[in-house]
$ cat entry.csv   # CSV, C-alpha atoms and all ligand atoms
chain,number,residue,atom,x,y,z
A,10,MET,CA,-63.2,-169.2,74.4
A,11,ASN,CA,-63.0,-166.5,71.6
A,12,GLY,CA,-59.8,-164.8,70.6
A,13,THR,CA,-59.8,-162.0,73.1
A,14,ALA,CA,-61.7,-163.4,76.1
A,15,SER,CA,-59.8,-164.9,79.0
A,16,LEU,CA,-60.8,-168.2,80.5
A,17,VAL,CA,-59.7,-167.2,83.9
A,18,ASN,CA,-61.6,-164.0,84.6
A,19,SER,CA,-63.6,-163.2,87.7
A,20,TRP,CA,-63.6,-159.9,89.5
A,21,ASN,CA,-66.5,-160.0,91.9
A,22,GLU,CA,-69.2,-162.2,93.4
A,23,TRP,CA,-72.1,-161.3,91.1
A,24,ASP,CA,-71.3,-160.7,87.5
A,25,PRO,CA,-72.9,-163.2,85.0
A,26,LEU,CA,-71.4,-166.6,85.6
A,27,ARG,CA,-69.8,-168.6,82.8
A,28,GLU,CA,-67.6,-171.2,84.4
A,29,ILE,CA,-67.5,-172.6,88.0
A,30,VAL,CA,-66.1,-175.5,89.9
A,31,VAL,CA,-68.4,-177.4,92.3
A,32,GLY,CA,-67.0,-179.6,95.0
A,33,VAL,CA,-67.5,-183.3,95.5
A,34,ALA,CA,-68.2,-185.3,98.7
A,35,ASP,CA,-66.4,-188.5,97.6
A,36,ASN,CA,-63.9,-189.9,100.2
A,37,ALA,CA,-64.9,-187.2,102.8
A,38,CYS,CA,-63.9,-187.8,106.4
A,39,PHE,CA,-65.2,-186.2,109.6
A,40,GLU,CA,-63.1,-183.2,110.4
A,41,PRO,CA,-60.4,-184.2,113.0
A,42,ARG,CA,-59.8,-182.3,116.2
A,43,GLU,CA,-56.6,-180.2,115.9
A,44,PRO,CA,-55.2,-177.1,117.5
A,45,GLY,CA,-57.1,-174.8,115.1
A,46,HIS,CA,-60.4,-176.7,115.2
A,47,ARG,CA,-62.6,-178.3,117.8
A,48,PRO,CA,-65.5,-180.0,116.1
A,49,GLN,CA,-68.6,-180.6,118.3
A,50,LEU,CA,-71.7,-182.6,117.9
A,51,ARG,CA,-74.9,-180.6,117.9
A,52,GLY,CA,-78.0,-181.4,119.8
A,53,LYS,CA,-78.6,-182.3,123.4
A,54,ASP,CA,-77.5,-186.0,123.4
A,55,GLY,CA,-73.8,-185.0,123.3
A,56,GLY,CA,-71.1,-187.6,122.7
A,57,ALA,CA,-67.8,-187.6,121.0
A,58,PHE,CA,-67.4,-186.2,117.5
A,59,PRO,CA,-66.8,-189.2,115.2
A,60,THR,CA,-63.4,-189.6,113.4
A,61,GLY,CA,-62.4,-191.3,110.1
A,62,PRO,CA,-64.4,-191.6,106.8
A,63,LYS,CA,-68.0,-190.5,106.6
A,64,PRO,CA,-70.5,-193.3,106.0
A,65,PRO,CA,-71.3,-193.9,102.3
A,66,GLU,CA,-75.0,-193.1,102.6
A,67,MET,CA,-74.1,-189.6,104.0
A,68,ILE,CA,-71.7,-189.1,101.2
A,69,ASP,CA,-74.3,-190.1,98.6
A,70,ARG,CA,-76.8,-187.7,100.1
A,71,ALA,CA,-74.4,-184.8,99.8
A,72,ASN,CA,-73.3,-185.8,96.3
A,73,GLU,CA,-76.9,-185.9,95.2
A,74,GLN,CA,-77.5,-182.3,96.3
A,75,LEU,CA,-74.2,-181.2,94.8
A,76,ALA,CA,-75.3,-182.8,91.5
A,77,GLY,CA,-78.5,-180.8,91.8
A,78,LEU,CA,-76.5,-177.6,91.9
A,79,VAL,CA,-74.5,-178.8,88.9
A,80,SER,CA,-77.6,-179.4,86.8
A,81,LEU,CA,-79.3,-176.2,87.9
A,82,LEU,CA,-76.2,-174.2,86.9
A,83,ARG,CA,-75.8,-176.1,83.6
A,84,SER,CA,-79.5,-175.4,82.8
A,85,HIS,CA,-78.6,-171.7,83.1
A,86,GLY,CA,-75.8,-172.0,80.6
A,87,VAL,CA,-72.9,-172.2,83.0
A,88,THR,CA,-70.0,-174.5,82.4
A,89,VAL,CA,-69.5,-176.6,85.5
A,90,ARG,CA,-66.3,-178.5,86.3
A,91,ARG,CA,-65.6,-180.9,89.2
A,92,PRO,CA,-62.4,-181.8,91.1
A,93,GLU,CA,-61.4,-185.3,91.7
A,94,ALA,CA,-61.3,-186.3,95.4
A,95,PRO,CA,-58.0,-187.9,96.3
A,96,ARG,CA,-57.8,-190.5,99.1
A,97,LEU,CA,-58.4,-188.6,102.4
A,98,ALA,CA,-58.6,-191.3,105.0
A,99,GLU,CA,-54.8,-191.9,105.6
A,100,PRO,CA,-52.7,-190.1,108.2
A,101,VAL,CA,-50.8,-187.1,106.9
A,102,ARG,CA,-47.4,-186.2,108.3
A,103,THR,CA,-45.2,-183.2,107.4
A,104,PRO,CA,-41.9,-182.1,109.2
A,105,SER,CA,-44.0,-179.9,111.5
A,106,PHE,CA,-47.3,-181.7,112.2
A,107,GLU,CA,-49.4,-184.8,111.9
A,108,VAL,CA,-53.1,-185.4,111.4
A,109,PRO,CA,-54.9,-188.7,111.5
A,110,HIS,CA,-56.7,-188.0,108.2
A,111,GLN,CA,-57.8,-185.1,105.9
A,112,TYR,CA,-61.3,-183.6,105.6
A,113,CYS,CA,-63.0,-183.3,102.2
A,114,VAL,CA,-63.1,-181.4,98.9
A,115,VAL,CA,-66.6,-180.1,99.1
A,116,CYS,CA,-65.7,-176.4,99.6
A,117,PRO,CA,-63.3,-175.1,96.9
A,118,ARG,CA,-64.2,-171.6,98.0
A,119,ASP,CA,-62.1,-172.0,101.1
A,120,VAL,CA,-59.0,-172.9,99.2
A,121,MET,CA,-59.1,-171.4,95.7
A,122,ILE,CA,-59.9,-167.8,94.6
A,123,THR,CA,-59.9,-166.1,91.2
A,124,VAL,CA,-58.8,-162.5,91.4
A,125,GLY,CA,-59.2,-161.2,87.9
A,126,HIS,CA,-56.9,-163.3,85.7
A,127,GLU,CA,-55.1,-164.8,88.6
A,128,ILE,CA,-55.8,-168.0,90.5
A,129,VAL,CA,-54.5,-168.0,94.1
A,130,GLU,CA,-54.2,-171.1,96.2
A,131,ALA,CA,-54.6,-170.0,99.9
A,132,PRO,CA,-52.2,-171.1,102.6
A,133,MET,CA,-55.0,-172.5,104.7
A,134,SER,CA,-55.2,-172.5,108.5
A,135,ARG,CA,-56.1,-176.1,109.5
A,136,ARG,CA,-53.9,-179.1,109.3
A,137,ALA,CA,-56.5,-181.4,107.8
A,138,ARG,CA,-56.9,-178.9,104.9
A,139,TYR,CA,-53.2,-178.3,104.3
A,140,PHE,CA,-53.1,-180.5,101.1
A,141,GLU,CA,-56.7,-179.7,99.9
A,142,TYR,CA,-55.3,-177.7,97.0
A,143,GLN,CA,-54.1,-180.9,95.4
A,144,ALA,CA,-57.6,-181.9,94.5
A,145,TYR,CA,-57.8,-178.8,92.2
A,146,ARG,CA,-54.4,-179.0,90.6
A,147,LYS,CA,-55.6,-180.9,87.5
A,148,LEU,CA,-58.1,-178.2,86.8
A,149,VAL,CA,-55.6,-175.4,87.6
A,150,TYR,CA,-53.2,-176.9,85.1
A,151,GLU,CA,-56.0,-177.1,82.5
A,152,TYR,CA,-56.9,-173.4,83.0
A,153,TRP,CA,-53.2,-172.4,83.1
A,154,ASN,CA,-52.4,-174.3,79.9
A,155,ALA,CA,-55.5,-173.1,78.0
A,156,ASP,CA,-55.3,-169.4,78.9
A,157,PRO,CA,-52.0,-167.7,78.3
A,158,ARG,CA,-53.1,-164.7,80.3
A,159,ALA,CA,-53.8,-166.7,83.4
A,160,VAL,CA,-51.5,-166.2,86.4
A,161,TRP,CA,-51.2,-168.9,89.0
A,162,THR,CA,-50.0,-168.1,92.5
A,163,VAL,CA,-49.5,-170.3,95.5
A,164,ALA,CA,-49.4,-168.4,98.7
A,165,PRO,CA,-46.7,-169.4,101.3
A,166,LYS,CA,-47.6,-172.4,103.3
A,167,PRO,CA,-47.4,-171.9,107.1
A,168,SER,CA,-45.8,-174.6,109.3
A,169,MET,CA,-49.1,-175.5,111.2
A,170,ALA,CA,-46.7,-176.5,114.0
A,171,ASP,CA,-48.1,-176.4,117.6
A,172,SER,CA,-46.5,-173.0,118.0
A,173,MET,CA,-48.7,-171.5,115.2
A,174,TYR,CA,-51.8,-172.0,117.4
A,175,ARG,CA,-53.1,-170.8,120.7
A,176,GLU,CA,-54.6,-174.0,122.1
A,177,GLY,CA,-56.0,-172.1,125.1
A,178,PHE,CA,-58.3,-170.2,122.8
A,179,TRP,CA,-61.0,-172.8,123.0
A,180,GLU,CA,-61.2,-172.6,126.8
A,181,TRP,CA,-61.0,-168.8,127.2
A,182,PRO,CA,-63.6,-167.5,129.7
A,183,LEU,CA,-66.2,-165.2,128.2
A,184,GLU,CA,-64.6,-162.0,129.5
A,185,LYS,CA,-61.2,-162.8,128.1
A,186,ARG,CA,-62.9,-163.8,124.8
A,187,HIS,CA,-64.6,-160.4,124.6
A,188,ARG,CA,-61.3,-158.6,125.2
A,189,GLU,CA,-59.2,-160.7,122.8
A,190,MET,CA,-61.9,-160.8,120.1
A,191,HIS,CA,-62.0,-157.1,120.0
A,192,ALA,CA,-58.3,-157.1,119.4
A,193,SER,CA,-58.9,-159.8,116.7
A,194,GLU,CA,-56.9,-162.5,118.5
A,195,PHE,CA,-58.1,-166.0,117.9
A,196,CYS,CA,-56.7,-169.6,117.7
A,197,VAL,CA,-53.9,-168.7,115.2
A,198,THR,CA,-51.0,-166.5,116.3
A,199,GLN,CA,-49.6,-163.6,114.3
A,200,ASP,CA,-46.2,-165.3,113.6
A,201,GLU,CA,-46.9,-166.8,110.1
A,202,VAL,CA,-48.9,-165.9,107.0
A,203,VAL,CA,-52.3,-167.6,107.4
A,204,PHE,CA,-55.5,-167.1,105.3
A,205,ASP,CA,-58.3,-169.1,103.9
A,206,ALA,CA,-59.6,-167.9,100.5
A,207,ALA,CA,-63.2,-167.7,101.8
A,208,ASP,CA,-62.3,-164.8,104.2
A,209,ILE,CA,-62.0,-162.7,101.0
A,210,SER,CA,-64.9,-161.0,99.2
A,211,ARG,CA,-64.3,-159.5,95.8
A,212,PHE,CA,-65.8,-156.1,94.6
A,213,GLY,CA,-63.9,-155.4,91.4
A,214,ARG,CA,-60.9,-153.2,92.2
A,215,ASP,CA,-61.6,-153.6,95.9
A,216,LEU,CA,-61.4,-156.7,98.1
A,217,LEU,CA,-62.5,-157.2,101.6
A,218,VAL,CA,-60.6,-159.6,103.9
A,219,GLN,CA,-62.0,-160.6,107.2
A,220,GLU,CA,-59.7,-161.0,110.2
A,221,SER,CA,-60.8,-164.3,111.7
A,222,MET,CA,-59.8,-167.6,113.2
A,223,THR,CA,-58.7,-168.6,109.7
A,224,THR,CA,-57.1,-165.4,108.5
A,225,ASN,CA,-54.5,-163.4,110.6
A,226,ARG,CA,-52.9,-160.0,110.1
A,227,PRO,CA,-49.8,-161.4,108.3
A,228,GLY,CA,-52.2,-163.1,105.9
A,229,ILE,CA,-53.9,-159.8,105.1
A,230,ARG,CA,-50.5,-158.1,104.8
A,231,TRP,CA,-49.4,-160.8,102.3
A,232,LEU,CA,-52.6,-160.2,100.3
A,233,LYS,CA,-52.0,-156.4,100.3
A,234,ARG,CA,-48.4,-156.6,99.2
A,235,HIS,CA,-49.4,-159.1,96.5
A,236,LEU,CA,-52.4,-157.3,95.1
A,237,GLU,CA,-51.7,-153.6,95.7
A,238,PRO,CA,-49.0,-153.4,93.0
A,239,ARG,CA,-51.6,-154.7,90.6
A,240,GLY,CA,-53.8,-151.7,91.3
A,241,LEU,CA,-56.2,-153.5,93.7
A,242,ARG,CA,-57.2,-152.3,97.1
A,243,VAL,CA,-57.5,-154.7,100.0
A,244,HIS,CA,-59.6,-153.6,103.0
A,245,PRO,CA,-59.4,-155.5,106.3
A,246,VAL,CA,-62.8,-155.9,107.9
A,247,HIS,CA,-63.9,-157.1,111.4
A,248,PHE,CA,-67.1,-158.3,112.8
A,249,PRO,CA,-66.4,-158.1,116.6
A,250,LEU,CA,-69.6,-159.8,117.7
A,251,ASP,CA,-68.8,-163.0,115.9
A,252,PHE,CA,-67.0,-165.1,118.6
A,253,PHE,CA,-65.8,-167.7,116.1
A,254,PRO,CA,-65.4,-165.9,112.8
A,255,SER,CA,-64.3,-167.9,109.8
A,256,HIS,CA,-65.1,-167.2,106.2
A,257,ILE,CA,-66.9,-164.0,105.3
A,258,ASP,CA,-69.7,-165.5,103.1
A,259,CYS,CA,-72.3,-165.9,105.9
A,260,THR,CA,-71.6,-162.4,107.2
A,261,PHE,CA,-71.2,-159.9,104.4
A,262,VAL,CA,-72.5,-161.0,101.0
A,263,PRO,CA,-72.5,-158.6,98.0
A,264,LEU,CA,-75.4,-159.3,95.6
A,265,ARG,CA,-74.9,-156.6,92.9
A,266,PRO,CA,-73.3,-153.2,92.5
A,267,GLY,CA,-74.5,-151.1,95.4
A,268,LEU,CA,-76.1,-153.9,97.5
A,269,VAL,CA,-74.7,-156.1,100.3
A,270,LEU,CA,-76.7,-158.6,102.3
A,271,THR,CA,-75.5,-158.2,105.9
A,272,ASN,CA,-75.8,-160.3,109.1
A,273,PRO,CA,-77.8,-158.5,111.8
A,274,ASP,CA,-75.9,-160.5,114.5
A,275,ARG,CA,-72.5,-159.5,113.1
A,276,PRO,CA,-72.2,-155.7,112.5
A,277,LEU,CA,-69.0,-154.3,111.1
A,278,ARG,CA,-66.4,-152.8,113.4
A,279,LYS,CA,-67.1,-149.1,114.0
A,280,GLY,CA,-65.8,-147.0,111.1
A,281,GLU,CA,-65.7,-149.8,108.6
A,282,LYS,CA,-69.2,-149.1,107.2
A,283,GLU,CA,-68.0,-145.6,106.0
A,284,LEU,CA,-66.5,-147.0,102.8
A,285,PHE,CA,-69.9,-148.3,101.7
A,286,LEU,CA,-72.0,-145.4,102.8
A,287,ARG,CA,-69.6,-142.9,101.2
A,288,ASN,CA,-70.0,-144.7,97.9
A,289,ASP,CA,-73.8,-145.1,98.0
A,290,TRP,CA,-73.9,-148.8,98.8
A,291,GLU,CA,-76.9,-150.1,100.6
A,292,LEU,CA,-76.4,-152.7,103.4
A,293,ILE,CA,-79.5,-154.7,103.9
A,294,ASP,CA,-79.9,-157.1,106.9
A,295,ALA,CA,-80.8,-160.7,106.0
A,296,PRO,CA,-83.9,-162.1,107.8
A,297,ARG,CA,-83.2,-164.7,110.5
A,298,PRO,CA,-82.4,-168.2,109.3
A,299,VAL,CA,-85.4,-170.6,109.4
A,300,SER,CA,-83.4,-173.1,111.6
A,301,SER,CA,-82.0,-172.2,115.1
A,302,ASP,CA,-78.4,-173.3,115.6
A,303,ASP,CA,-79.7,-176.3,117.6
A,304,GLU,CA,-81.7,-177.5,114.6
A,305,MET,CA,-78.8,-177.5,112.2
A,306,PRO,CA,-77.6,-181.0,111.0
A,307,ARG,CA,-75.8,-182.9,113.8
A,308,PHE,CA,-72.3,-182.8,112.3
A,309,CYS,CA,-72.5,-179.4,110.9
A,310,GLN,CA,-69.9,-177.0,112.3
A,311,SER,CA,-71.3,-173.8,110.7
A,312,SER,CA,-74.0,-171.5,112.1
A,313,ALA,CA,-77.5,-171.3,110.9
A,314,TRP,CA,-76.4,-168.2,109.0
A,315,LEU,CA,-75.4,-170.6,106.2
A,316,SER,CA,-78.8,-169.3,105.1
A,317,MET,CA,-77.0,-166.2,103.7
A,318,ASN,CA,-74.5,-168.3,101.7
A,319,VAL,CA,-76.2,-167.7,98.4
A,320,LEU,CA,-74.6,-168.1,95.0
A,321,SER,CA,-75.1,-165.4,92.3
A,322,VAL,CA,-75.6,-166.6,88.7
A,323,SER,CA,-75.8,-162.9,87.7
A,324,PRO,CA,-76.7,-159.6,89.3
A,325,GLU,CA,-80.3,-160.5,88.8
A,326,LYS,CA,-80.3,-164.2,89.6
A,327,VAL,CA,-79.4,-165.9,92.9
A,328,VAL,CA,-79.4,-169.5,94.0
A,329,CYS,CA,-80.7,-169.8,97.6
A,330,GLU,CA,-81.3,-172.8,99.9
A,331,GLU,CA,-84.8,-174.2,99.4
A,332,ALA,CA,-85.9,-173.9,103.0
A,333,GLU,CA,-84.9,-170.2,103.5
A,334,ARG,CA,-88.3,-168.7,102.5
A,335,PRO,CA,-87.9,-165.4,104.4
A,336,LEU,CA,-84.6,-164.7,102.5
A,337,GLN,CA,-86.1,-165.8,99.2
A,338,GLU,CA,-89.0,-163.3,99.8
A,339,LEU,CA,-86.6,-160.5,100.6
A,340,LEU,CA,-84.5,-161.2,97.4
A,341,ASP,CA,-87.7,-161.3,95.4
A,342,ARG,CA,-88.7,-157.9,96.8
A,343,LEU,CA,-85.3,-156.6,95.9
A,344,GLY,CA,-85.9,-157.6,92.3
A,345,PHE,CA,-83.9,-160.8,92.1
A,346,GLU,CA,-85.0,-164.0,90.3
A,347,VAL,CA,-84.5,-166.6,93.1
A,348,LEU,CA,-83.5,-170.2,92.2
A,349,PRO,CA,-84.3,-172.4,95.3
A,350,LEU,CA,-82.3,-175.6,95.7
A,351,PRO,CA,-82.2,-178.2,98.5
A,352,PHE,CA,-78.6,-178.2,100.0
A,353,ARG,CA,-78.9,-179.1,103.7
A,354,ASP,CA,-77.1,-182.4,103.3
A,355,VAL,CA,-74.0,-180.5,102.2
A,356,PHE,CA,-73.9,-178.3,105.4
A,357,GLU,CA,-71.8,-180.8,107.4
A,358,TYR,CA,-69.1,-180.6,104.7
A,359,GLY,CA,-68.2,-177.0,105.6
A,360,GLY,CA,-70.8,-174.8,104.0
A,361,SER,CA,-73.6,-174.1,101.6
A,362,LEU,CA,-74.0,-172.9,98.0
A,363,HIS,CA,-71.3,-170.2,97.9
A,364,CYS,CA,-68.7,-172.3,99.9
A,365,ALA,CA,-69.2,-175.4,97.6
A,366,THR,CA,-68.1,-173.4,94.5
A,367,TRP,CA,-65.2,-171.6,93.0
A,368,ASP,CA,-66.0,-169.3,90.1
A,369,VAL,CA,-63.3,-169.2,87.5
A,370,ASN,CA,-65.1,-167.1,84.9
A,371,ARG,CA,-67.7,-164.3,85.2
A,372,GLU,CA,-68.3,-161.7,82.5
A,373,GLY,CA,-67.0,-158.3,83.2
A,374,SER,CA,-63.8,-156.5,84.2
A,375,ALA,CA,-62.0,-154.7,87.0
A,376,ARG,CA,-64.5,-152.0,87.8
A,377,ASP,CA,-64.2,-149.4,90.5
A,378,TYR,CA,-67.3,-149.5,92.7
A,379,PHE,CA,-65.8,-147.3,95.3
A,380,PRO,CA,-64.6,-144.1,93.6
A,381,ARG,CA,-64.8,-142.2,96.9
A,382,ALA,CA,-62.5,-144.5,98.8
A,383,GLU,CA,-59.8,-143.0,101.0
A,384,TYR,CA,-57.3,-145.7,100.5
A,385,ARG,CA,-53.7,-145.9,101.8
A,386,THR,CA,-51.5,-148.7,100.6
A,387,LEU,CA,-49.2,-150.6,102.9
A,388,ALA,CA,-46.3,-148.6,101.4
A,389,GLU,CA,-48.0,-145.4,102.5
A,390,ASP,CA,-49.2,-146.7,105.8
A,391,PRO,CA,-47.7,-149.9,107.1
A,392,ALA,CA,-50.5,-150.2,109.7
A,393,ALA,CA,-53.2,-149.7,107.1
A,394,GLY,CA,-56.2,-150.8,109.1
A,395,LEU,CA,-54.4,-153.8,110.6
A,401,LIG,N1,-68.3,-169.5,109.9
A,401,LIG,C1,-69.5,-169.4,109.1
A,401,LIG,C2,-70.7,-169.4,110.0
A,401,LIG,O1,-70.9,-170.4,110.7
A,401,LIG,C3,-69.6,-170.5,108.0
A,401,LIG,C4,-68.8,-170.1,106.8
A,401,LIG,C5,-68.9,-171.1,105.8
A,401,LIG,N2,-68.3,-170.6,104.6
A,401,LIG,C6,-67.4,-171.3,103.8
A,401,LIG,N3,-66.9,-170.7,102.8
A,401,LIG,N4,-67.0,-172.5,104.1
A,401,LIG,O2,-71.5,-168.5,109.9
$ encode --input "entry.csv" --output "structure tokens" --more "lines below"
Ligand code: ARG
Amino acid sequence: MNGTASLVNSWNEWDPLREIVVGVADNACFEPREPGHRPQLRGKDGGAFPTGPKPPEMIDRANEQLAGLVSLLRSHGVTVRRPEAPRLAEPVRTPSFEVPHQYCVVCPRDVMITVGHEIVEAPMSRRARYFEYQAYRKLVYEYWNADPRAVWTVAPKPSMADSMYREGFWEWPLEKRHREMHASEFCVTQDEVVFDAADISRFGRDLLVQESMTTNRPGIRWLKRHLEPRGLRVHPVHFPLDFFPSHIDCTFVPLRPGLVLTNPDRPLRKGEKELFLRNDWELIDAPRPVSSDDEMPRFCQSSAWLSMNVLSVSPEKVVCEEAERPLQELLDRLGFEVLPLPFRDVFEYGGSLHCATWDVNREGSARDYFPRAEYRTLAEDPAAGL
């Protein structure tokens, strides 16, 4: 790091990547059933979702593909750091909840986010992930000690008590689901501050936050009150056709200034496109994933749209899952250099290439990519899109 550059510096999802954290599959467990999550086996054979630690051969396979991502990024000059997985297989008990075991530390994206010079640890929405930040603390201390400009913020932890959830959500009949979804009501109530970091997408001075099963309105309000005084603008966004929304990076994926990859099954709520159109951004639909949802790995809880979960090495260079040929061809036509990489064995750990990473340093600064934004802060308008 030279005299003036900051070690913690990342303002968007696409600027040239200098330093990134890639998750590890060590000690991973199957995700436990809890009020905010109902894991289900895929495929026709059915059966109960397993519990406890994942078998070592499964962990090895995921670790091999994560190691592939590490070498690829290093070969492109990126500094790559890894968390250390704590023991995850023991029961966890807090004053307000208990879980039989934790999950994994494969997806730093869900927990950690860099907003400029600030590292924010998200509150999280699921019990098995409450303590996931601990895996990254050693790295956070290193960054915080090494970079005097770095700011470190821990968002308020919710109770995750039974009363924070709507257990009935999972059994809502379709009609009720339609109605509640359009009002953005999911498995988490509006009583406490809840967000996962992966519901946020960074565009320089502007950030989008998806209202979802993992981010509620108080969560977005907290982000607004925290970031608006720093000159940032936080835009709540909604994808009403996604029945189980969680994490924005398979739905709305910026690739470079002026270009977002969009999910044809999950259009933005009416009126929310305007911000992009008014500022000459192009929204381009991703091609359909090569797998159907049924063909996704048996323990994977994400949709086949993990296809869109690409990782930008720069505004010209994108890492894309090896099998997703139609997307690779589109990216190629759009002028990107595509770096294909096998990553399917990581899917059952919560995501793909973008999820499994947390960028700490990208070149560049806080640019305004939406000069024609009509923005009202929470102070000006307490409802502000919520
Ligand atoms: N809910 C998304 C989908 O199935 C998966 C999101 C994964 N992203 C992440 N950061 N873990 O489409």
$ closest_residue --input "entry.csv" --among "A:Asp354, A:Asp251, A:Glu389, A:Glu304" --to "ligand LIG 401 (chain A)" --atoms "all atoms listed in the file"
A:Asp251
$ atom_distance --input "entry.csv" --atom1 "CA of Arg307 (chain A)" --atom2 "CA of Leu350 (chain A)"
20.6 Å
$ closest_residue --input "entry.csv" --among "A:Ile128, A:Cys309, A:Cys329, A:Ala295" --to "ligand LIG 401 (chain A)" --atoms "all atoms listed in the file"
A:Cys309
$ residues_near_ligand --input "entry.csv" --ligand "ligand LIG 401 (chain A)" --cutoff "9 Å" --atoms "all atoms listed in the file" --output "ChimeraX atom specification"
/A:116-120,205-208,251,253-260,310-318,356,358-366
$ residues_around --input "entry.csv" --residues "region 144-152 of chain A" --least-positions-apart "6" --cutoff "6 Å" --atoms "all atoms listed in the file" --output "ChimeraX atom specification"
/A:92-94
$ atom_distance --input "entry.csv" --atom1 "CA of Leu81 (chain A)" --atom2 "CA of Glu357 (chain A)"
21.4 Å
$ closest_residue --input "entry.csv" --among "A:His110, A:His126, A:Lys282, A:Arg42" --to "Asn370 (chain A)" --atoms "all atoms listed in the file"
A:His126
$ closest_residue --input "entry.csv" --among "A:Phe58, A:Tyr142, A:Tyr384, A:Phe379" --to "Val243 (chain A)" --atoms "all atoms listed in the file"
A:Tyr384
$ closest_residue --input "entry.csv" --among "A:Leu216, A:Ala170, A:Leu236, A:Leu241" --to "Gly45 (chain A)" --atoms "all atoms listed in the file"
A:Ala170
$ closest_residue --input "entry.csv" --among "A:Gly55, A:Pro104, A:Pro298, A:Pro132" --to "Ile229 (chain A)" --atoms "all atoms listed in the file"
A:Pro132
$ residues_around --input "entry.csv" --residues "Pro64 (chain A)" --least-positions-apart "2" --cutoff "10 Å" --atoms "all atoms listed in the file" --output "PyMOL selection string"
chain A and resi 36-39+61-62+66-69
$ atom_distance --input "entry.csv" --atom1 "CA of Gly344 (chain A)" --atom2 "CA of Asn272 (chain A)"
19.8 Å
$ build_atoms --input "entry.csv" --residues "region 80-91 of chain A" --atoms "N, CA, C and O atoms" --output "short mmCIF file (atom, residue, chain, number, x, y, z; two decimals), in the coordinates of the input"
data_model
loop_
_atom_site.label_atom_id
_atom_site.label_comp_id
_atom_site.auth_asym_id
_atom_site.auth_seq_id
_atom_site.Cartn_x
_atom_site.Cartn_y
_atom_site.Cartn_z
N SER A 80 -76.64 -179.48 87.88
CA SER A 80 -77.60 -179.40 86.80
C SER A 80 -78.32 -178.08 86.74
O SER A 80 -78.60 -177.58 85.65
N LEU A 81 -78.60 -177.50 87.90
CA LEU A 81 -79.30 -176.20 87.90
C LEU A 81 -78.37 -175.17 87.15
O LEU A 81 -78.85 -174.43 86.28
N LEU A 82 -77.08 -175.15 87.48
CA LEU A 82 -76.20 -174.20 86.90
C LEU A 82 -76.06 -174.43 85.37
O LEU A 82 -76.11 -173.52 84.54
N ARG A 83 -75.94 -175.71 85.02
CA ARG A 83 -75.80 -176.10 83.60
C ARG A 83 -77.09 -175.60 82.84
O ARG A 83 -77.00 -175.09 81.72
N SER A 84 -78.25 -175.76 83.47
CA SER A 84 -79.50 -175.40 82.80
C SER A 84 -79.56 -173.85 82.60
O SER A 84 -80.36 -173.35 81.83
N HIS A 85 -78.70 -173.12 83.30
CA HIS A 85 -78.60 -171.70 83.10
C HIS A 85 -77.42 -171.28 82.25
O HIS A 85 -76.97 -170.14 82.27
N GLY A 86 -76.88 -172.27 81.55
CA GLY A 86 -75.80 -172.00 80.60
C GLY A 86 -74.43 -171.88 81.14
O GLY A 86 -73.51 -171.43 80.46
N VAL A 87 -74.24 -172.28 82.40
CA VAL A 87 -72.90 -172.20 83.00
C VAL A 87 -72.13 -173.47 82.79
O VAL A 87 -72.69 -174.56 82.88
N THR A 88 -70.84 -173.33 82.48
CA THR A 88 -70.00 -174.50 82.40
C THR A 88 -69.56 -174.90 83.81
O THR A 88 -69.08 -174.05 84.57
N VAL A 89 -69.78 -176.17 84.16
CA VAL A 89 -69.50 -176.60 85.50
C VAL A 89 -68.38 -177.69 85.46
O VAL A 89 -68.49 -178.63 84.70
N ARG A 90 -67.35 -177.54 86.26
CA ARG A 90 -66.30 -178.50 86.30
C ARG A 90 -66.24 -179.08 87.77
O ARG A 90 -66.68 -178.43 88.70
N ARG A 91 -65.69 -180.27 87.91
CA ARG A 91 -65.60 -180.90 89.20
C ARG A 91 -64.17 -181.33 89.52
O ARG A 91 -63.47 -181.77 88.61
#
